[in-house]
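**Student:** Would you mind keeping the following structure in view while I ask a few things?
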Amino acid sequence: MYFRPKLLTLLLALFALQPVFSQSVRDKNLLSHLEYLSSDELRGRKTGTPESEVARNYIVEQFKNSKLNTQYPDFIQEFRFQSRREGKTLEGKNVLGFVPGTDSKKVIVITAHYDHVGVGRPNAEGDSIYNGTDDNASGTAALIEFAEYFSKNPPKHSILFAALDGEEMGLQGAKALVADFPFELDMIAININMDMISRNENGEIYASGTHHHPQLKQILEAAAVGKSPQLKFGHDLPGTGSDDWTKSSDHGAFYDKGITHVYFGVEDHPDYHQPSDEFQQVEPGFFIDAANLILACVIQLDEALLKE
Ligand SMILES: [Zn+2]
């Protein structure tokens, strides 16, 4: 007589903790954002170019469709920075959308840079457009779909969705965001960064940063149970040179401010920073699964970090 209600309670508690299967992004939209943002028409989305603005307008449009809030005029944070390579001051623009949380005043900041390196030296095939499909139209496409998801399924923490500019010029958009954040920096529960998440021939993706923040590992492992691609940890050991990704993308600017972070990304492939980083090279199944895996991690972190 007694074990039944107890078992039922246990099952209900488990269901409350575990993500259900419907927690996923819209596959077709995810792929169409990726294809459009990395099309030749957008010419590699280099910071300051007209095509960068086209990409930005597209992201703003998506945030508006998802009915996101924002602390910024028309979702845009403008910033200036000194470009050493070009020897002048450049202007960058981040796109920032916001979904208020139901249970916490703290903020999860999800970042993905939408800029890439533009048009450059042609490869052997004469292609000079560096499309930056994996780097990082992929993270941007996932960011757009996560914004849509959490707009429909309100998170416990507030979430700031940040499509960042100027990453390829030295994490400039991320530096500008932490330098002029809409709340106190200690209101940030975590920065979750995505950069290069659409392909890996071994079916692996990394969650990097748990060396610095070991409390995250168990949470992420729980979210990844039974899912593909395989979630691996590492690339975050100090003193390992370029094998240490702690400052390799926008999460580095958060790390420098003492903010907890986790970075999702794949290991480099031969098309990294080449004109051949194109939509045709992407394995759609991998990308959709990776986006859903990261979404599951975000949902799990949103739940687990409440207890901190
Ligand atoms: Zn890059």
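Naming scheme: A, B, ... for chains in displayed order of the structure tokens; residues 1 onward per chain; ligands 1 onward as shown.
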Within 8 Å of ligand 1, counting only C-alpha atoms and all ligand atoms, which protein or nucleic acid residues do you find, written as a VMD selection string?

**Tutor:** chain A and resid 116 to 117 132 135 to 136 167 to 168 272 to 273

**Student:** Would you output that residue set with C-alpha atoms, as a compact mmCIF listing (two decimals), in the first residue's frame?

**Tutor:**
```txt
# COMPACT_ATOMS: atom_id res chain seq x y z
CA HIS A 116 33.05 36.50 -39.79
CA VAL A 117 36.09 37.56 -41.81
CA GLY A 132 31.71 31.32 -42.09
CA ASP A 135 32.13 29.92 -37.76
CA ASN A 136 29.69 31.20 -36.67
CA GLU A 167 34.59 38.50 -32.48
CA GLU A 168 37.01 37.88 -35.33
CA TYR A 272 38.23 26.52 -40.55
CA HIS A 273 38.71 30.16 -41.69
```

**Student:** Report, in Å to a single decimal, how far apart atom CA of Ser249 of chain A and atom CA of Glu303 of chain A are.

**Tutor:**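 Here the two named atoms are 25.6 Å from each other.
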
**Student:** Can you tell me, as a list of chain:residue names, what residues are no more than 6 Å from Ser198 of chain A when counting only C-alpha atoms, ignoring any on the same chain fewer than 2 positions away?

**Tutor:** A:Asp134, A:Ser138, A:Phe287

**Student:** Quick one: residues within 9 Å of segment 79-84 of chain A, only C-alpha atoms, excluding same-chain residues fewer than 4 positions away - as a ChimeraX atom specification?

**Tutor:** /A:88-94,169-170,172-173,176-177

**Student:** Dump all heavy atoms for the selected residues as a PDB file, in the first residue's frame?

**Tutor:**
```pdb
ATOM      1  N   LYS A  88      42.684  51.836 -37.564  1.00  0.00           N
ATOM      2  CA  LYS A  88      41.672  52.878 -37.347  1.00  0.00           C
ATOM      3  C   LYS A  88      40.603  52.401 -36.375  1.00  0.00           C
ATOM      4  O   LYS A  88      40.555  51.224 -36.015  1.00  0.00           O
ATOM      5  CB  LYS A  88      41.037  53.278 -38.687  1.00  0.00           C
ATOM      6  CG  LYS A  88      40.366  52.134 -39.405  1.00  0.00           C
ATOM      7  CD  LYS A  88      39.746  52.606 -40.729  1.00  0.00           C
ATOM      8  CE  LYS A  88      39.124  51.443 -41.474  1.00  0.00           C
ATOM      9  NZ  LYS A  88      38.633  51.775 -42.789  1.00  0.00           N
ATOM     10  N   THR A  89      39.746  53.366 -35.991  1.00  0.00           N
ATOM     11  CA  THR A  89      38.633  53.037 -35.112  1.00  0.00           C
ATOM     12  C   THR A  89      37.490  52.469 -35.946  1.00  0.00           C
ATOM     13  O   THR A  89      37.125  53.043 -36.974  1.00  0.00           O
ATOM     14  CB  THR A  89      38.155  54.304 -34.360  1.00  0.00           C
ATOM     15  OG1 THR A  89      39.267  54.827 -33.633  1.00  0.00           O
ATOM     16  CG2 THR A  89      37.037  53.978 -33.392  1.00  0.00           C
ATOM     17  N   LEU A  90      36.952  51.342 -35.521  1.00  0.00           N
ATOM     18  CA  LEU A  90      35.830  50.736 -36.229  1.00  0.00           C
ATOM     19  C   LEU A  90      34.605  50.733 -35.326  1.00  0.00           C
ATOM     20  O   LEU A  90      34.725  50.817 -34.104  1.00  0.00           O
ATOM     21  CB  LEU A  90      36.156  49.297 -36.633  1.00  0.00           C
ATOM     22  CG  LEU A  90      37.256  49.085 -37.675  1.00  0.00           C
ATOM     23  CD1 LEU A  90      37.470  47.595 -37.925  1.00  0.00           C
ATOM     24  CD2 LEU A  90      36.905  49.793 -38.982  1.00  0.00           C
ATOM     25  N   GLU A  91      33.445  50.629 -35.961  1.00  0.00           N
ATOM     26  CA  GLU A  91      32.208  50.546 -35.203  1.00  0.00           C
ATOM     27  C   GLU A  91      31.625  49.148 -35.336  1.00  0.00           C
ATOM     28  O   GLU A  91      31.610  48.577 -36.432  1.00  0.00           O
ATOM     29  CB  GLU A  91      31.206  51.587 -35.723  1.00  0.00           C
ATOM     30  CG  GLU A  91      29.972  51.673 -34.838  1.00  0.00           C
ATOM     31  CD  GLU A  91      28.994  52.735 -35.333  1.00  0.00           C
ATOM     32  OE1 GLU A  91      28.159  52.398 -36.182  1.00  0.00           O
ATOM     33  OE2 GLU A  91      29.090  53.887 -34.846  1.00  0.00           O
ATOM     34  N   GLY A  92      31.192  48.592 -34.225  1.00  0.00           N
ATOM     35  CA  GLY A  92      30.523  47.302 -34.242  1.00  0.00           C
ATOM     36  C   GLY A  92      29.139  47.426 -33.633  1.00  0.00           C
ATOM     37  O   GLY A  92      28.847  48.405 -32.947  1.00  0.00           O
ATOM     38  N   LYS A  93      28.298  46.434 -33.902  1.00  0.00           N
ATOM     39  CA  LYS A  93      26.937  46.466 -33.369  1.00  0.00           C
ATOM     40  C   LYS A  93      26.505  45.077 -32.916  1.00  0.00           C
ATOM     41  O   LYS A  93      26.445  44.144 -33.724  1.00  0.00           O
ATOM     42  CB  LYS A  93      25.961  46.989 -34.431  1.00  0.00           C
ATOM     43  CG  LYS A  93      26.161  48.457 -34.760  1.00  0.00           C
ATOM     44  CD  LYS A  93      25.228  48.943 -35.855  1.00  0.00           C
ATOM     45  CE  LYS A  93      25.460  50.426 -36.133  1.00  0.00           C
ATOM     46  NZ  LYS A  93      24.633  50.938 -37.233  1.00  0.00           N
ATOM     47  N   ASN A  94      26.192  44.961 -31.622  1.00  0.00           N
ATOM     48  CA  ASN A  94      25.633  43.725 -31.077  1.00  0.00           C
ATOM     49  C   ASN A  94      24.112  43.765 -31.187  1.00  0.00           C
ATOM     50  O   ASN A  94      23.510  44.833 -31.110  1.00  0.00           O
ATOM     51  CB  ASN A  94      26.000  43.579 -29.598  1.00  0.00           C
ATOM     52  CG  ASN A  94      27.493  43.402 -29.371  1.00  0.00           C
ATOM     53  OD1 ASN A  94      28.193  42.839 -30.218  1.00  0.00           O
ATOM     54  ND2 ASN A  94      27.983  43.860 -28.224  1.00  0.00           N
ATOM     55  N   MET A 169      37.749  40.118 -34.676  1.00  0.00           N
ATOM     56  CA  MET A 169      38.730  41.189 -34.514  1.00  0.00           C
ATOM     57  C   MET A 169      39.213  41.280 -33.068  1.00  0.00           C
ATOM     58  O   MET A 169      39.762  42.303 -32.644  1.00  0.00           O
ATOM     59  CB  MET A 169      38.129  42.514 -34.978  1.00  0.00           C
ATOM     60  CG  MET A 169      37.793  42.490 -36.463  1.00  0.00           C
ATOM     61  SD  MET A 169      37.075  44.041 -37.033  1.00  0.00           S
ATOM     62  CE  MET A 169      36.993  43.725 -38.810  1.00  0.00           C
ATOM     63  N   GLY A 170      38.950  40.213 -32.298  1.00  0.00           N
ATOM     64  CA  GLY A 170      39.445  40.188 -30.917  1.00  0.00           C
ATOM     65  C   GLY A 170      38.353  40.266 -29.862  1.00  0.00           C
ATOM     66  O   GLY A 170      38.509  41.002 -28.880  1.00  0.00           O
ATOM     67  N   GLN A 172      35.574  41.702 -29.724  1.00  0.00           N
ATOM     68  CA  GLN A 172      35.229  43.103 -29.440  1.00  0.00           C
ATOM     69  C   GLN A 172      33.793  43.276 -28.959  1.00  0.00           C
ATOM     70  O   GLN A 172      33.532  44.074 -28.044  1.00  0.00           O
ATOM     71  CB  GLN A 172      35.468  43.963 -30.693  1.00  0.00           C
ATOM     72  CG  GLN A 172      36.908  43.954 -31.191  1.00  0.00           C
ATOM     73  CD  GLN A 172      37.889  44.531 -30.192  1.00  0.00           C
ATOM     74  OE1 GLN A 172      37.512  45.243 -29.265  1.00  0.00           O
ATOM     75  NE2 GLN A 172      39.172  44.212 -30.356  1.00  0.00           N
ATOM     76  N   GLY A 173      32.851  42.550 -29.561  1.00  0.00           N
ATOM     77  CA  GLY A 173      31.451  42.689 -29.151  1.00  0.00           C
ATOM     78  C   GLY A 173      31.237  42.202 -27.726  1.00  0.00           C
ATOM     79  O   GLY A 173      30.495  42.813 -26.948  1.00  0.00           O
ATOM     80  N   ALA A 176      32.672  44.743 -25.335  1.00  0.00           N
ATOM     81  CA  ALA A 176      31.782  45.903 -25.230  1.00  0.00           C
ATOM     82  C   ALA A 176      30.562  45.571 -24.367  1.00  0.00           C
ATOM     83  O   ALA A 176      30.108  46.402 -23.578  1.00  0.00           O
ATOM     84  CB  ALA A 176      31.331  46.349 -26.630  1.00  0.00           C
ATOM     85  N   LEU A 177      30.068  44.349 -24.489  1.00  0.00           N
ATOM     86  CA  LEU A 177      28.878  43.964 -23.712  1.00  0.00           C
ATOM     87  C   LEU A 177      29.180  43.918 -22.213  1.00  0.00           C
ATOM     88  O   LEU A 177      28.410  44.447 -21.406  1.00  0.00           O
ATOM     89  CB  LEU A 177      28.343  42.610 -24.198  1.00  0.00           C
ATOM     90  CG  LEU A 177      27.103  42.085 -23.467  1.00  0.00           C
ATOM     91  CD1 LEU A 177      25.927  43.062 -23.564  1.00  0.00           C
ATOM     92  CD2 LEU A 177      26.694  40.713 -24.015  1.00  0.00           C
TER      93      LEU A 177
END
```

**Student:** So that I can check the surroundings of Val54 of chain A, please list as a list in words every protein, DNA and RNA residue that reaches within 12 Å of it, counting only C-alpha atoms and ignoring chain neighbours fewer than 4 positions away.

**Tutor:**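 Listed by chain and then number, they are Tyr36, Leu37, Ser38, Ser39, Glu41, Leu42, Arg43, Gly44, Arg45, Lys46, Thr47, Gly48, Thr49, Pro50, Tyr58, Ile59, Val60, Glu61, Tyr114 and Asp115 of chain A.
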
**Student:** Which residue, A:Ile288, A:Ala304, A:Val107, A:Ala112, has the smallest gap to His251 of chain A when you use only C-alpha atoms?

**Tutor:** A:Ala112

**Student:** Point out the residue among A:Thr102, A:Gln274, A:Ser208, A:Asn153 with the least atom-to-atom distance to Ile129 of chain A, counting only C-alpha atoms.

**Tutor:** A:Gln274

**Student:** Using only C-alpha atoms, which protein or nucleic acid residues come within 7 Å of segment 98-101 of chain A? Drop anything in the same chain fewer than 2 positions from it, and give the result as a list of chain:residue names.

**Tutor:**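 So the residues in contact are A:Leu68, A:Asn69, A:Thr70, A:Leu96, A:Asp103, A:Ser104, A:Ser151, A:Pro154, A:Pro155, A:Lys156, A:His157, A:Ser158, A:Ile159, A:Leu160, A:Phe161.
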
**Student:** Nearest residue to Ala174 of chain A out of A:Val25, A:Val266, A:Ile197, A:Ile110, using only C-alpha atoms?

**Tutor:**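 That would be A:Ile110, the residue with the smallest distance to Ala174 of chain A.
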
**Student:** To test your reading of the structure, identify every residue in segment 43-179 of chain A that backbone DSSP assigns to strand (DSSP E), and report it as a PyMOL selection string.

**Tutor:** chain A and resi 76-83+88-99+107-113+158-164

**Student:** Out of segment 134-257 of chain A, which residues get alpha helix (DSSP H) from DSSP, as a ChimeraX atom specification?

**Tutor:** /A:138-152,172-179,215-224,251-255

**Student:** Selection from above, N, CA and C atoms, as a tab-separated table (two decimals), in the first residue's frame, can you write it?

**Tutor:**
```
chain	number	residue	atom	x	y	z
A	138	SER	N	26.46	29.13	-37.51
A	138	SER	CA	25.84	28.00	-36.80
A	138	SER	C	25.39	28.40	-35.39
A	139	GLY	N	26.26	29.03	-34.64
A	139	GLY	CA	25.88	29.47	-33.29
A	139	GLY	C	24.78	30.51	-33.32
A	140	THR	N	24.85	31.40	-34.33
A	140	THR	CA	23.85	32.46	-34.46
A	140	THR	C	22.47	31.87	-34.76
A	141	ALA	N	22.43	30.88	-35.66
A	141	ALA	CA	21.16	30.22	-36.00
A	141	ALA	C	20.56	29.56	-34.76
A	142	ALA	N	21.40	28.90	-33.97
A	142	ALA	CA	20.91	28.25	-32.74
A	142	ALA	C	20.42	29.31	-31.75
A	143	LEU	N	21.15	30.41	-31.65
A	143	LEU	CA	20.75	31.49	-30.74
A	143	LEU	C	19.35	32.00	-31.09
A	144	ILE	N	19.10	32.20	-32.39
A	144	ILE	CA	17.79	32.68	-32.84
A	144	ILE	C	16.69	31.69	-32.44
A	145	GLU	N	16.96	30.42	-32.64
A	145	GLU	CA	15.95	29.41	-32.30
A	145	GLU	C	15.78	29.25	-30.78
A	146	PHE	N	16.85	29.41	-30.01
A	146	PHE	CA	16.73	29.36	-28.55
A	146	PHE	C	15.87	30.53	-28.05
A	147	ALA	N	16.05	31.68	-28.67
A	147	ALA	CA	15.26	32.85	-28.29
A	147	ALA	C	13.77	32.57	-28.52
A	148	GLU	N	13.48	31.97	-29.66
A	148	GLU	CA	12.09	31.60	-29.98
A	148	GLU	C	11.59	30.59	-28.94
A	149	TYR	N	12.40	29.59	-28.63
A	149	TYR	CA	11.99	28.55	-27.68
A	149	TYR	C	11.66	29.15	-26.31
A	150	PHE	N	12.57	29.97	-25.78
A	150	PHE	CA	12.38	30.48	-24.42
A	150	PHE	C	11.34	31.60	-24.36
A	151	SER	N	11.08	32.22	-25.49
A	151	SER	CA	9.98	33.17	-25.53
A	151	SER	C	8.65	32.43	-25.34
A	152	LYS	N	8.56	31.22	-25.89
A	152	LYS	CA	7.34	30.40	-25.76
A	152	LYS	C	7.33	29.59	-24.47
A	172	GLN	N	35.57	41.70	-29.72
A	172	GLN	CA	35.23	43.10	-29.44
A	172	GLN	C	33.79	43.28	-28.96
A	173	GLY	N	32.85	42.55	-29.56
A	173	GLY	CA	31.45	42.69	-29.15
A	173	GLY	C	31.24	42.20	-27.73
A	174	ALA	N	31.88	41.12	-27.36
A	174	ALA	CA	31.76	40.58	-26.00
A	174	ALA	C	32.39	41.53	-24.99
A	175	LYS	N	33.55	42.09	-25.36
A	175	LYS	CA	34.21	43.06	-24.47
A	175	LYS	C	33.31	44.28	-24.25
A	176	ALA	N	32.67	44.74	-25.33
A	176	ALA	CA	31.78	45.90	-25.23
A	176	ALA	C	30.56	45.57	-24.37
A	177	LEU	N	30.07	44.35	-24.49
A	177	LEU	CA	28.88	43.96	-23.71
A	177	LEU	C	29.18	43.92	-22.21
A	178	VAL	N	30.30	43.31	-21.83
A	178	VAL	CA	30.61	43.25	-20.39
A	178	VAL	C	31.04	44.62	-19.85
A	179	ALA	N	31.55	45.48	-20.74
A	179	ALA	CA	31.96	46.82	-20.30
A	179	ALA	C	30.75	47.72	-20.08
A	215	GLN	N	31.70	22.70	-10.94
A	215	GLN	CA	30.32	22.47	-10.50
A	215	GLN	C	29.37	22.28	-11.68
A	216	LEU	N	29.80	22.69	-12.88
A	216	LEU	CA	28.91	22.60	-14.05
A	216	LEU	C	28.88	21.20	-14.67
A	217	LYS	N	29.94	20.42	-14.42
A	217	LYS	CA	30.11	19.19	-15.17
A	217	LYS	C	28.96	18.21	-14.98
A	218	GLN	N	28.58	18.00	-13.72
A	218	GLN	CA	27.51	17.06	-13.42
A	218	GLN	C	26.18	17.50	-14.06
A	219	ILE	N	25.94	18.79	-14.03
A	219	ILE	CA	24.70	19.33	-14.60
A	219	ILE	C	24.66	19.06	-16.11
A	220	LEU	N	25.78	19.32	-16.76
A	220	LEU	CA	25.85	19.14	-18.22
A	220	LEU	C	25.78	17.66	-18.59
A	221	GLU	N	26.45	16.84	-17.81
A	221	GLU	CA	26.42	15.39	-18.05
A	221	GLU	C	24.99	14.86	-17.95
A	222	ALA	N	24.27	15.36	-16.96
A	222	ALA	CA	22.87	14.91	-16.78
A	222	ALA	C	22.03	15.32	-17.99
A	223	ALA	N	22.29	16.51	-18.52
A	223	ALA	CA	21.51	16.99	-19.68
A	223	ALA	C	21.82	16.18	-20.93
A	224	ALA	N	23.04	15.64	-21.01
A	224	ALA	CA	23.49	14.99	-22.24
A	224	ALA	C	23.22	13.49	-22.28
A	251	HIS	N	33.34	33.97	-24.86
A	251	HIS	CA	33.27	33.65	-23.43
A	251	HIS	C	34.52	34.16	-22.69
A	252	GLY	N	35.63	34.35	-23.44
A	252	GLY	CA	36.87	34.85	-22.83
A	252	GLY	C	36.69	36.20	-22.15
A	253	ALA	N	35.84	37.04	-22.73
A	253	ALA	CA	35.60	38.37	-22.14
A	253	ALA	C	34.84	38.25	-20.82
A	254	PHE	N	33.97	37.25	-20.72
A	254	PHE	CA	33.24	36.99	-19.47
A	254	PHE	C	34.18	36.38	-18.43
A	255	TYR	N	34.98	35.43	-18.88
A	255	TYR	CA	35.96	34.79	-18.00
A	255	TYR	C	36.87	35.84	-17.36
```

**Student:** What's the separation between atom CA of Pro229 of chain A and atom CA of Val282 of chain A, in Å to one decimal place?

**Tutor:**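 Computing it gives 14.1 Å between the two atoms.
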
**Student:** Pick the closest to Asp195 of chain A from A:Asp180, A:Glu267, A:Glu125, A:Asp244: which is it, counting only C-alpha atoms?

**Tutor:**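 Using only C-alpha atoms, Asp195 of chain A sits closest to A:Glu267.
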
**Student:** Could you list, as a list of chain:residue names, every residue within 8 Å of Asp236 of chain A, counting only C-alpha atoms and ignoring same-chain residues fewer than 4 positions away?

**Tutor:**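 Here the answer would be A:Ser208, A:Gly209, A:Thr210, A:His211, A:His212, A:Asp243, A:Asp244, A:Trp245, A:Thr246.
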
**Student:** Would you mind telling me which residue in A:His269, A:Lys232, A:His213, A:Lys28 lies nearest to Arg199 of chain A when using only C-alpha atoms?

**Tutor:**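 Among the listed residues, the smallest separation from Arg199 of chain A belongs to A:His269.
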